[in-house]
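Q: Right, I'll just put the structure down here and ask away after.
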Amino acid sequence: MNTTIRIPEEEMARQREYASMFKALPGRPETYHIVTYGCQMNAHDSEKLAGMLEEMGMKFCEVKEEADLVLHNTCCVRNNAERKAMGNVTWLKEIKATHPGMLIGICGCMVQEEGMADAILRRYPFIDIAFGTGTVYKLPENLYKAVVSGRRNIAVSQEQNTIAEGVPILRSSPYQAYVTVMYGCNNFCSYCIVPYVRGRERSRTLRDILAEVEGLQKQGVREIMLLGQNVNSYGKDLEEHISFAQLLHEVGKTGIERIRFMTSHPKDLSDELIEEIAGNKAVCRHFHLPVQSGSNRILEQMNRRYTREAYLDKVHRIRSAVPDIGLTTDIIVAFPGETEEDFEDTMRLTEEVGYDSAFTFIYSPREGTKAALMPGRIPDDVASERIQRLIRLQEEKTEQFFKSLIGSCDSVLITGNSKRDDHMFTGKSGRNISVNFENTDYSIGDIVNVRFTSYGKTTLRGEIIKE
Ligand code: 5AD
Ligand code: SF4
């Protein structure tokens, strides 16, 4: 039941063939725009979609309303992401009426939800092309067929357990790159829809990953982010015995300067991994470790398979081995049945850990998940009051932490000019904090040492220290 399908090279060649046939089609769509929702996985999928569309001879169009093809790469983790996507898709319907030949496409996690393909067919007749998360690599074929036949191509298959190597990728930065190490998730946290829409865990081989990293490094990439829904499970499904810690070690040997990774499940965080991070200078000093709740009762209901004590023990272990590591987290408030006491446990844990920052969410019921059937729905006003309290607490913690950083230094990869002020550079510190600083003799893509001089609500300000 858990068989990973590696798409054969002949199939990938067939897709390249479709791409060149599409390119040669007279009167075909010329331009595209991609709207991306959700996490880094989706952002990276969009880079693949763009890579394929470029290979098909299409050009990116900045203005969505003017593009011949608008693809929506959706997320379904929470209801508001879904509402936003469908609102935007429906709004384009009006534009399509004035733009003959415009194609509207939808893909990503939402498309994979049960009943969605049917809904697209019936309720959204203006959607021309739809495909699921496991068949992204088939975009050339699906688009070619839609254009040649002049008919809709709603190709949502249940095929999720695929790994497609060699899909062209149009990366959004020349210095930073995403590298997927594994797809899918086996954890079935009771609130989460991801395992249903992204399929079971499957790892890319070490060989494929290293070849990609080496290629990126040759092109001038300085920082990579290894991606997976649960990177700590890396390798468990592979024939060759390899752990995520060993993978980090091997990736470190390529000489790439900065390595990040996302996301880790606390239950699978091993001492081996902590040791590897401590000893691997290329690994940035940031660890995203989603706790979700500070209450043992709720953690059990969430099927997280760790207790608050076990989580705190892991935090202690990481910090003992890597004292300068920055921790961030995800927290869900108002899970079904969450009492004031449970919530207080989450507040206390947040206080105790002292995260650099936290992503906080109000629980959103997802059809098909276990939690959606649980009693004890929390009223909206209680949920929003709780999240406000939690946000305020974390803001205080972040401020204290930023204050403590003033005068210290960290290496920063310059990623661009500050949005607010053209004369300022912006970048991320090793601990993953946004830093703005005076633009001196350096360029975007350089790694510089910055001393922090002041702070705002979410960013630090600093000055470059010349070596
Ligand atoms: N409701 C609210 N938040 C959720 N997340 C996942 N599923 C849900 C849901 N149903 C959050 C978790 C996860 C992050 C990516 O999104 O905190 O870590
Ligand atoms: Fe969802 Fe849990 Fe898997 Fe993360 S680990 S993707 S929260 S099921």
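By order of appearance in the structure tokens: chains A, B, ..., then residues from 1 within every chain, and ligands from 1 in the order shown.
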Can you pull out the residues contacting A:Glu352? Cut-off 9 Å, using only C-alpha atoms, and skip same-chain residues under 4 positions away; I want them as a list in words.
A: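 Selected residues are Leu312, Met347 and Arg348 of chain A.
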Q: Deliver the residues from the most recent selection as a file, using all heavy atoms, as a PDB file, in the first residue's frame.
A:
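Contents of again.pdb, as written:
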```pdb
ATOM      1  N   LEU A 312       9.837  19.547  26.152  1.00  0.00           N
ATOM      2  CA  LEU A 312      10.745  20.442  26.879  1.00  0.00           C
ATOM      3  C   LEU A 312      12.128  19.802  27.039  1.00  0.00           C
ATOM      4  O   LEU A 312      13.153  20.493  26.992  1.00  0.00           O
ATOM      5  CB  LEU A 312      10.149  20.812  28.246  1.00  0.00           C
ATOM      6  CG  LEU A 312       8.954  21.770  28.162  1.00  0.00           C
ATOM      7  CD1 LEU A 312       8.256  21.911  29.521  1.00  0.00           C
ATOM      8  CD2 LEU A 312       9.368  23.148  27.640  1.00  0.00           C
ATOM      9  N   MET A 347       0.240  28.687  27.280  1.00  0.00           N
ATOM     10  CA  MET A 347       0.853  29.986  27.638  1.00  0.00           C
ATOM     11  C   MET A 347       2.125  29.743  28.460  1.00  0.00           C
ATOM     12  O   MET A 347       3.165  30.347  28.201  1.00  0.00           O
ATOM     13  CB  MET A 347      -0.134  30.837  28.453  1.00  0.00           C
ATOM     14  CG  MET A 347      -1.329  31.342  27.666  1.00  0.00           C
ATOM     15  SD  MET A 347      -0.915  32.708  26.551  1.00  0.00           S
ATOM     16  CE  MET A 347      -0.936  34.088  27.688  1.00  0.00           C
ATOM     17  N   ARG A 348       2.015  28.847  29.431  1.00  0.00           N
ATOM     18  CA  ARG A 348       3.174  28.588  30.306  1.00  0.00           C
ATOM     19  C   ARG A 348       4.334  27.987  29.512  1.00  0.00           C
ATOM     20  O   ARG A 348       5.487  28.362  29.716  1.00  0.00           O
ATOM     21  CB  ARG A 348       2.789  27.659  31.456  1.00  0.00           C
ATOM     22  CG  ARG A 348       2.325  28.422  32.701  1.00  0.00           C
ATOM     23  CD  ARG A 348       2.272  27.527  33.910  1.00  0.00           C
ATOM     24  NE  ARG A 348       1.302  26.448  33.729  1.00  0.00           N
ATOM     25  CZ  ARG A 348      -0.017  26.592  33.985  1.00  0.00           C
ATOM     26  NH1 ARG A 348      -0.486  27.727  34.461  1.00  0.00           N
ATOM     27  NH2 ARG A 348      -0.849  25.594  33.782  1.00  0.00           N
TER      28      ARG A 348
END
```
Q: What does the list of residues within 7 Å of ligand 1 look like if you count only C-alpha atoms and all ligand atoms, written as a list of chain:residue names?
A: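 So the residues close to ligand 1 are A:Val77, A:Arg78, A:Tyr191, A:Cys192, A:Ile193, A:Pro290, A:Gln292, A:Asp330, A:Ile331, A:Ile332, A:Phe361, A:Ile362, A:Tyr363, A:Ser364, A:Pro365, A:Arg366.
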Q: Within 12 Å of A:Ile378, counting only C-alpha atoms, which residues show up once you throw out same-chain ones fewer than 2 positions away? Write them as a PyMOL selection string, please.
A: chain A and resi 333-340+343+362-365+374-376+380-386
Q: Output as CSV one row per residue of chain A within 6 Å of ligand 2: the closest atom pair and its distance in Å to one decimal place, counting only C-alpha atoms and all ligand atoms, sorted by chain and residue number ascending.
A:
```
residue,atom,partner,partner_atom_place_in_ligand_line,distance
A:Cys185,CA,ligand 2,3 (Fe),4.7
A:Asn187,CA,ligand 2,8 (S),4.8
A:Phe188,CA,ligand 2,8 (S),4.2
A:Cys189,CA,ligand 2,8 (S),4.2
A:Cys192,CA,ligand 2,1 (Fe),4.5
A:Val194,CA,ligand 2,6 (S),5.0
A:Pro195,CA,ligand 2,8 (S),5.7
A:Gln229,CA,ligand 2,6 (S),5.1
A:Asn230,CA,ligand 2,5 (S),5.9
A:His265,CA,ligand 2,5 (S),6.0
```
Q: Out of stretch 97-309 of chain A, which residues get alpha helix (DSSP H) from DSSP, as number ranges by chain?
A: A: 97-98, 116-123, 139-149, 194-198, 206-218, 244-253, 271-279, 296-301, 308-309
Q: Show me, as an mmCIF file with N, CA, C and O atoms, in the first residue's frame, the residues that have an atom within 6 Å of stretch 106-115 of chain A when counting only C-alpha atoms, minus same-chain residues fewer than 2 positions from it.
A:
```cif
data_model
loop_
_atom_site.group_PDB
_atom_site.id
_atom_site.type_symbol
_atom_site.label_atom_id
_atom_site.label_comp_id
_atom_site.auth_asym_id
_atom_site.auth_seq_id
_atom_site.Cartn_x
_atom_site.Cartn_y
_atom_site.Cartn_z
ATOM 1 N N LEU A 71 -2.410 30.316 -13.056
ATOM 2 C CA LEU A 71 -2.458 29.072 -12.282
ATOM 3 C C LEU A 71 -2.518 29.402 -10.795
ATOM 4 O O LEU A 71 -1.729 30.217 -10.323
ATOM 5 N N HIS A 72 -3.438 28.765 -10.087
ATOM 6 C CA HIS A 72 -3.531 28.974 -8.638
ATOM 7 C C HIS A 72 -3.024 27.721 -7.941
ATOM 8 O O HIS A 72 -3.627 26.660 -8.065
ATOM 9 N N ASN A 73 -1.921 27.879 -7.230
ATOM 10 C CA ASN A 73 -1.347 26.744 -6.505
ATOM 11 C C ASN A 73 -1.828 26.833 -5.060
ATOM 12 O O ASN A 73 -1.334 27.628 -4.272
ATOM 13 N N THR A 74 -2.811 26.008 -4.715
ATOM 14 C CA THR A 74 -3.589 26.237 -3.494
ATOM 15 C C THR A 74 -3.091 25.475 -2.268
ATOM 16 O O THR A 74 -2.309 24.539 -2.359
ATOM 17 N N CYS A 75 -3.617 25.914 -1.114
ATOM 18 C CA CYS A 75 -3.318 25.317 0.185
ATOM 19 C C CYS A 75 -4.653 25.010 0.857
ATOM 20 O O CYS A 75 -5.618 25.745 0.659
ATOM 21 N N CYS A 76 -4.702 23.930 1.643
ATOM 22 C CA CYS A 76 -5.980 23.632 2.288
ATOM 23 C C CYS A 76 -5.817 23.380 3.782
ATOM 24 O O CYS A 76 -6.677 22.795 4.418
ATOM 25 N N ALA A 117 -12.618 17.630 -7.114
ATOM 26 C CA ALA A 117 -12.602 17.486 -8.574
ATOM 27 C C ALA A 117 -14.031 17.632 -9.113
ATOM 28 O O ALA A 117 -14.275 18.326 -10.112
ATOM 29 N N ASP A 118 -14.936 17.022 -8.394
ATOM 30 C CA ASP A 118 -16.338 17.090 -8.767
ATOM 31 C C ASP A 118 -16.859 18.528 -8.694
ATOM 32 O O ASP A 118 -17.558 18.993 -9.608
ATOM 33 N N ALA A 130 -7.059 21.576 -14.133
ATOM 34 C CA ALA A 130 -6.874 21.268 -12.707
ATOM 35 C C ALA A 130 -6.079 19.986 -12.598
ATOM 36 O O ALA A 130 -6.274 19.054 -13.371
ATOM 37 N N PHE A 131 -5.146 19.972 -11.645
ATOM 38 C CA PHE A 131 -4.378 18.732 -11.407
ATOM 39 C C PHE A 131 -3.902 18.700 -9.969
ATOM 40 O O PHE A 131 -3.799 19.725 -9.305
ATOM 41 N N GLY A 132 -3.628 17.490 -9.489
ATOM 42 C CA GLY A 132 -3.305 17.294 -8.074
ATOM 43 C C GLY A 132 -1.817 17.346 -7.775
ATOM 44 O O GLY A 132 -0.990 17.564 -8.663
ATOM 45 N N THR A 133 -1.501 17.119 -6.492
ATOM 46 C CA THR A 133 -0.119 17.312 -6.028
ATOM 47 C C THR A 133 0.857 16.249 -6.551
ATOM 48 O O THR A 133 2.046 16.503 -6.645
ATOM 49 N N VAL A 197 -3.784 14.848 1.475
ATOM 50 C CA VAL A 197 -3.616 15.501 0.169
ATOM 51 C C VAL A 197 -2.195 15.407 -0.393
ATOM 52 O O VAL A 197 -1.973 15.679 -1.561
#
```
Q: Choose the residue, out of A:Glu10, A:His99, A:Asp313, A:Thr4, that has the smallest atom-to-atom separation from A:Glu239; count only C-alpha atoms.
A: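 Going through A:Glu10, A:His99, A:Asp313, A:Thr4 one by one, the smallest distance to A:Glu239 is for A:Thr4.
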Q: List the spatial neighbours of stretch 34-41 of chain A as number ranges by chain - criterion: any atom at most 9 Å away, only C-alpha atoms, same-chain residues fewer than 2 positions off excluded.
A: A: 32, 43-46, 49-50, 60, 64, 69-77, 81-82, 84-85, 108, 178, 180, 183, 227-229, 262
Q: If you run DSSP over the backbone, which residues in stretch 79-191 of chain A end up strand (DSSP E or B)? Put them as a VMD selection string.
A: chain A and resid 103 to 108 129 to 131 153 to 155 162 to 163 176 to 180 182 to 183
Q: Write the residues of the preceding selection, restricted to N, CA, C and O atoms, as a PDB file, in the first residue's frame.
A:
```pdb
ATOM      1  N   LEU A 103      -6.798  31.234 -19.886  1.00  0.00           N
ATOM      2  CA  LEU A 103      -6.994  29.944 -19.226  1.00  0.00           C
ATOM      3  C   LEU A 103      -6.835  30.114 -17.721  1.00  0.00           C
ATOM      4  O   LEU A 103      -5.904  30.778 -17.261  1.00  0.00           O
ATOM      5  N   ILE A 104      -7.738  29.497 -16.970  1.00  0.00           N
ATOM      6  CA  ILE A 104      -7.636  29.542 -15.517  1.00  0.00           C
ATOM      7  C   ILE A 104      -7.337  28.138 -15.014  1.00  0.00           C
ATOM      8  O   ILE A 104      -8.029  27.182 -15.369  1.00  0.00           O
ATOM      9  N   GLY A 105      -6.286  28.046 -14.218  1.00  0.00           N
ATOM     10  CA  GLY A 105      -5.880  26.729 -13.720  1.00  0.00           C
ATOM     11  C   GLY A 105      -5.847  26.694 -12.206  1.00  0.00           C
ATOM     12  O   GLY A 105      -5.700  27.720 -11.541  1.00  0.00           O
ATOM     13  N   ILE A 106      -5.996  25.508 -11.664  1.00  0.00           N
ATOM     14  CA  ILE A 106      -5.939  25.332 -10.216  1.00  0.00           C
ATOM     15  C   ILE A 106      -5.223  24.014  -9.907  1.00  0.00           C
ATOM     16  O   ILE A 106      -5.430  23.014 -10.587  1.00  0.00           O
ATOM     17  N   CYS A 107      -4.330  24.073  -8.929  1.00  0.00           N
ATOM     18  CA  CYS A 107      -3.591  22.865  -8.564  1.00  0.00           C
ATOM     19  C   CYS A 107      -3.230  22.958  -7.083  1.00  0.00           C
ATOM     20  O   CYS A 107      -3.683  23.859  -6.389  1.00  0.00           O
ATOM     21  N   GLY A 108      -2.432  22.030  -6.610  1.00  0.00           N
ATOM     22  CA  GLY A 108      -2.017  22.081  -5.201  1.00  0.00           C
ATOM     23  C   GLY A 108      -2.946  21.300  -4.295  1.00  0.00           C
ATOM     24  O   GLY A 108      -3.829  20.565  -4.744  1.00  0.00           O
ATOM     25  N   ILE A 129      -8.189  24.096 -16.289  1.00  0.00           N
ATOM     26  CA  ILE A 129      -7.234  23.022 -16.057  1.00  0.00           C
ATOM     27  C   ILE A 129      -7.054  22.836 -14.552  1.00  0.00           C
ATOM     28  O   ILE A 129      -6.977  23.815 -13.802  1.00  0.00           O
ATOM     29  N   ALA A 130      -7.059  21.576 -14.133  1.00  0.00           N
ATOM     30  CA  ALA A 130      -6.874  21.268 -12.707  1.00  0.00           C
ATOM     31  C   ALA A 130      -6.079  19.986 -12.598  1.00  0.00           C
ATOM     32  O   ALA A 130      -6.274  19.054 -13.371  1.00  0.00           O
ATOM     33  N   PHE A 131      -5.146  19.972 -11.645  1.00  0.00           N
ATOM     34  CA  PHE A 131      -4.378  18.732 -11.407  1.00  0.00           C
ATOM     35  C   PHE A 131      -3.902  18.700  -9.969  1.00  0.00           C
ATOM     36  O   PHE A 131      -3.799  19.725  -9.305  1.00  0.00           O
ATOM     37  N   ASN A 153      -9.418  20.432 -18.984  1.00  0.00           N
ATOM     38  CA  ASN A 153      -8.672  19.243 -18.602  1.00  0.00           C
ATOM     39  C   ASN A 153      -8.596  19.177 -17.079  1.00  0.00           C
ATOM     40  O   ASN A 153      -7.744  19.780 -16.444  1.00  0.00           O
ATOM     41  N   ILE A 154      -9.565  18.475 -16.500  1.00  0.00           N
ATOM     42  CA  ILE A 154      -9.631  18.372 -15.041  1.00  0.00           C
ATOM     43  C   ILE A 154      -9.070  16.992 -14.680  1.00  0.00           C
ATOM     44  O   ILE A 154      -9.805  16.016 -14.566  1.00  0.00           O
ATOM     45  N   ALA A 155      -7.742  16.950 -14.549  1.00  0.00           N
ATOM     46  CA  ALA A 155      -7.060  15.661 -14.403  1.00  0.00           C
ATOM     47  C   ALA A 155      -6.613  15.428 -12.966  1.00  0.00           C
ATOM     48  O   ALA A 155      -5.436  15.353 -12.667  1.00  0.00           O
ATOM     49  N   THR A 162       4.144   9.745  -5.791  1.00  0.00           N
ATOM     50  CA  THR A 162       5.152   9.792  -6.845  1.00  0.00           C
ATOM     51  C   THR A 162       6.371  10.611  -6.430  1.00  0.00           C
ATOM     52  O   THR A 162       6.285  11.495  -5.584  1.00  0.00           O
ATOM     53  N   ILE A 163       7.478  10.286  -7.067  1.00  0.00           N
ATOM     54  CA  ILE A 163       8.652  11.167  -7.014  1.00  0.00           C
ATOM     55  C   ILE A 163       9.061  11.364  -8.457  1.00  0.00           C
ATOM     56  O   ILE A 163       9.330  10.399  -9.177  1.00  0.00           O
ATOM     57  N   GLN A 176      19.558  31.647  -2.982  1.00  0.00           N
ATOM     58  CA  GLN A 176      18.904  30.745  -2.041  1.00  0.00           C
ATOM     59  C   GLN A 176      18.085  29.744  -2.832  1.00  0.00           C
ATOM     60  O   GLN A 176      17.489  30.122  -3.841  1.00  0.00           O
ATOM     61  N   ALA A 177      18.019  28.519  -2.365  1.00  0.00           N
ATOM     62  CA  ALA A 177      17.233  27.529  -3.118  1.00  0.00           C
ATOM     63  C   ALA A 177      16.584  26.519  -2.185  1.00  0.00           C
ATOM     64  O   ALA A 177      17.159  26.122  -1.173  1.00  0.00           O
ATOM     65  N   TYR A 178      15.392  26.127  -2.566  1.00  0.00           N
ATOM     66  CA  TYR A 178      14.714  25.028  -1.875  1.00  0.00           C
ATOM     67  C   TYR A 178      15.170  23.717  -2.486  1.00  0.00           C
ATOM     68  O   TYR A 178      15.290  23.615  -3.718  1.00  0.00           O
ATOM     69  N   VAL A 179      15.375  22.731  -1.642  1.00  0.00           N
ATOM     70  CA  VAL A 179      15.670  21.381  -2.123  1.00  0.00           C
ATOM     71  C   VAL A 179      14.767  20.418  -1.350  1.00  0.00           C
ATOM     72  O   VAL A 179      14.901  20.293  -0.136  1.00  0.00           O
ATOM     73  N   THR A 180      13.854  19.773  -2.051  1.00  0.00           N
ATOM     74  CA  THR A 180      12.967  18.819  -1.367  1.00  0.00           C
ATOM     75  C   THR A 180      13.773  17.580  -1.004  1.00  0.00           C
ATOM     76  O   THR A 180      14.515  17.065  -1.835  1.00  0.00           O
ATOM     77  N   MET A 182      12.042  15.124   1.102  1.00  0.00           N
ATOM     78  CA  MET A 182      10.997  14.113   1.146  1.00  0.00           C
ATOM     79  C   MET A 182       9.625  14.727   0.913  1.00  0.00           C
ATOM     80  O   MET A 182       9.431  15.921   1.121  1.00  0.00           O
ATOM     81  N   TYR A 183       8.725  13.908   0.484  1.00  0.00           N
ATOM     82  CA  TYR A 183       7.349  14.333   0.219  1.00  0.00           C
ATOM     83  C   TYR A 183       6.423  13.604   1.180  1.00  0.00           C
ATOM     84  O   TYR A 183       6.724  12.498   1.629  1.00  0.00           O
TER      85      TYR A 183
END
```
Q: Which of these, A:Arg151, A:Ser418, A:Gly445, A:Arg202, has the shortest distance to A:Glu257 once you count only C-alpha atoms?
A: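 Residue with the minimum atom-to-atom distance to A:Glu257: A:Gly445.
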Q: Please identify all polymer residues within 10 Å of A:Leu273, counting only C-alpha atoms, omitting same-chain residues fewer than 5 positions from it, and present them as a ChimeraX atom specification.
A: /A:232,243-249,268,278-279,318
Q: Convert the current residue selection to file output with all heavy atoms, as a PDB file, in the first residue's frame.
A:
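Everything below was put into selection-v9.pdb:
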```
ATOM      1  N   ASN A 232      12.636  14.942   9.749  1.00  0.00           N
ATOM      2  CA  ASN A 232      13.291  13.984  10.652  1.00  0.00           C
ATOM      3  C   ASN A 232      12.987  12.533  10.294  1.00  0.00           C
ATOM      4  O   ASN A 232      13.644  11.630  10.768  1.00  0.00           O
ATOM      5  CB  ASN A 232      12.857  14.216  12.098  1.00  0.00           C
ATOM      6  CG  ASN A 232      13.331  15.553  12.604  1.00  0.00           C
ATOM      7  OD1 ASN A 232      14.263  16.123  12.065  1.00  0.00           O
ATOM      8  ND2 ASN A 232      12.675  16.059  13.614  1.00  0.00           N
ATOM      9  N   SER A 243      19.847   8.395   7.780  1.00  0.00           N
ATOM     10  CA  SER A 243      18.987   9.236   8.617  1.00  0.00           C
ATOM     11  C   SER A 243      19.085  10.678   8.140  1.00  0.00           C
ATOM     12  O   SER A 243      19.973  11.022   7.350  1.00  0.00           O
ATOM     13  CB  SER A 243      19.447   9.162  10.070  1.00  0.00           C
ATOM     14  OG  SER A 243      20.759   9.693  10.157  1.00  0.00           O
ATOM     15  N   PHE A 244      18.210  11.538   8.674  1.00  0.00           N
ATOM     16  CA  PHE A 244      18.293  12.946   8.305  1.00  0.00           C
ATOM     17  C   PHE A 244      19.628  13.543   8.773  1.00  0.00           C
ATOM     18  O   PHE A 244      20.217  14.366   8.080  1.00  0.00           O
ATOM     19  CB  PHE A 244      17.105  13.719   8.890  1.00  0.00           C
ATOM     20  CG  PHE A 244      17.106  15.157   8.468  1.00  0.00           C
ATOM     21  CD1 PHE A 244      17.029  15.508   7.133  1.00  0.00           C
ATOM     22  CD2 PHE A 244      17.215  16.171   9.411  1.00  0.00           C
ATOM     23  CE1 PHE A 244      17.048  16.842   6.725  1.00  0.00           C
ATOM     24  CE2 PHE A 244      17.236  17.502   9.013  1.00  0.00           C
ATOM     25  CZ  PHE A 244      17.157  17.839   7.671  1.00  0.00           C
ATOM     26  N   ALA A 245      20.099  13.106   9.948  1.00  0.00           N
ATOM     27  CA  ALA A 245      21.391  13.603  10.454  1.00  0.00           C
ATOM     28  C   ALA A 245      22.508  13.262   9.459  1.00  0.00           C
ATOM     29  O   ALA A 245      23.353  14.110   9.147  1.00  0.00           O
ATOM     30  CB  ALA A 245      21.678  12.982  11.815  1.00  0.00           C
ATOM     31  N   GLN A 246      22.482  12.034   8.959  1.00  0.00           N
ATOM     32  CA  GLN A 246      23.519  11.642   7.985  1.00  0.00           C
ATOM     33  C   GLN A 246      23.380  12.438   6.691  1.00  0.00           C
ATOM     34  O   GLN A 246      24.372  12.814   6.079  1.00  0.00           O
ATOM     35  CB  GLN A 246      23.418  10.146   7.692  1.00  0.00           C
ATOM     36  CG  GLN A 246      23.908   9.312   8.860  1.00  0.00           C
ATOM     37  CD  GLN A 246      23.533   7.841   8.688  1.00  0.00           C
ATOM     38  OE1 GLN A 246      22.386   7.513   8.366  1.00  0.00           O
ATOM     39  NE2 GLN A 246      24.489   6.962   8.900  1.00  0.00           N
ATOM     40  N   LEU A 247      22.138  12.682   6.306  1.00  0.00           N
ATOM     41  CA  LEU A 247      21.913  13.484   5.101  1.00  0.00           C
ATOM     42  C   LEU A 247      22.526  14.889   5.288  1.00  0.00           C
ATOM     43  O   LEU A 247      23.232  15.393   4.413  1.00  0.00           O
ATOM     44  CB  LEU A 247      20.413  13.600   4.799  1.00  0.00           C
ATOM     45  CG  LEU A 247      20.053  14.565   3.673  1.00  0.00           C
ATOM     46  CD1 LEU A 247      20.496  14.024   2.316  1.00  0.00           C
ATOM     47  CD2 LEU A 247      18.552  14.859   3.629  1.00  0.00           C
ATOM     48  N   LEU A 248      22.256  15.498   6.457  1.00  0.00           N
ATOM     49  CA  LEU A 248      22.822  16.829   6.729  1.00  0.00           C
ATOM     50  C   LEU A 248      24.343  16.789   6.630  1.00  0.00           C
ATOM     51  O   LEU A 248      24.968  17.714   6.107  1.00  0.00           O
ATOM     52  CB  LEU A 248      22.443  17.276   8.144  1.00  0.00           C
ATOM     53  CG  LEU A 248      21.159  18.057   8.342  1.00  0.00           C
ATOM     54  CD1 LEU A 248      21.065  18.544   9.787  1.00  0.00           C
ATOM     55  CD2 LEU A 248      21.050  19.244   7.398  1.00  0.00           C
ATOM     56  N   HIS A 249      24.907  15.720   7.149  1.00  0.00           N
ATOM     57  CA  HIS A 249      26.357  15.585   7.130  1.00  0.00           C
ATOM     58  C   HIS A 249      26.869  15.546   5.690  1.00  0.00           C
ATOM     59  O   HIS A 249      27.814  16.256   5.335  1.00  0.00           O
ATOM     60  CB  HIS A 249      26.746  14.307   7.879  1.00  0.00           C
ATOM     61  CG  HIS A 249      28.204  14.243   8.164  1.00  0.00           C
ATOM     62  ND1 HIS A 249      28.786  14.997   9.165  1.00  0.00           N
ATOM     63  CD2 HIS A 249      29.205  13.555   7.557  1.00  0.00           C
ATOM     64  CE1 HIS A 249      30.079  14.769   9.162  1.00  0.00           C
ATOM     65  NE2 HIS A 249      30.368  13.898   8.199  1.00  0.00           N
ATOM     66  N   ASP A 268      10.348  12.827  16.487  1.00  0.00           N
ATOM     67  CA  ASP A 268      11.432  12.171  15.743  1.00  0.00           C
ATOM     68  C   ASP A 268      12.775  12.887  15.875  1.00  0.00           C
ATOM     69  O   ASP A 268      13.725  12.558  15.175  1.00  0.00           O
ATOM     70  CB  ASP A 268      11.078  12.109  14.243  1.00  0.00           C
ATOM     71  CG  ASP A 268       9.816  11.316  13.995  1.00  0.00           C
ATOM     72  OD1 ASP A 268       9.675  10.254  14.620  1.00  0.00           O
ATOM     73  OD2 ASP A 268       8.970  11.763  13.205  1.00  0.00           O
ATOM     74  N   ALA A 278      25.157  20.481  15.974  1.00  0.00           N
ATOM     75  CA  ALA A 278      26.199  21.109  16.796  1.00  0.00           C
ATOM     76  C   ALA A 278      27.539  21.112  16.063  1.00  0.00           C
ATOM     77  O   ALA A 278      28.290  22.084  16.129  1.00  0.00           O
ATOM     78  CB  ALA A 278      26.312  20.374  18.127  1.00  0.00           C
ATOM     79  N   GLY A 279      27.814  20.037  15.343  1.00  0.00           N
ATOM     80  CA  GLY A 279      29.138  19.907  14.730  1.00  0.00           C
ATOM     81  C   GLY A 279      29.219  20.383  13.292  1.00  0.00           C
ATOM     82  O   GLY A 279      30.308  20.426  12.710  1.00  0.00           O
ATOM     83  N   ILE A 318      18.657  20.376  22.808  1.00  0.00           N
ATOM     84  CA  ILE A 318      19.182  21.180  21.686  1.00  0.00           C
ATOM     85  C   ILE A 318      19.967  22.361  22.242  1.00  0.00           C
ATOM     86  O   ILE A 318      21.064  22.665  21.779  1.00  0.00           O
ATOM     87  CB  ILE A 318      18.050  21.772  20.805  1.00  0.00           C
ATOM     88  CG1 ILE A 318      17.141  20.690  20.267  1.00  0.00           C
ATOM     89  CG2 ILE A 318      18.606  22.587  19.655  1.00  0.00           C
ATOM     90  CD1 ILE A 318      15.928  21.246  19.532  1.00  0.00           C
TER      91      ILE A 318
END
```
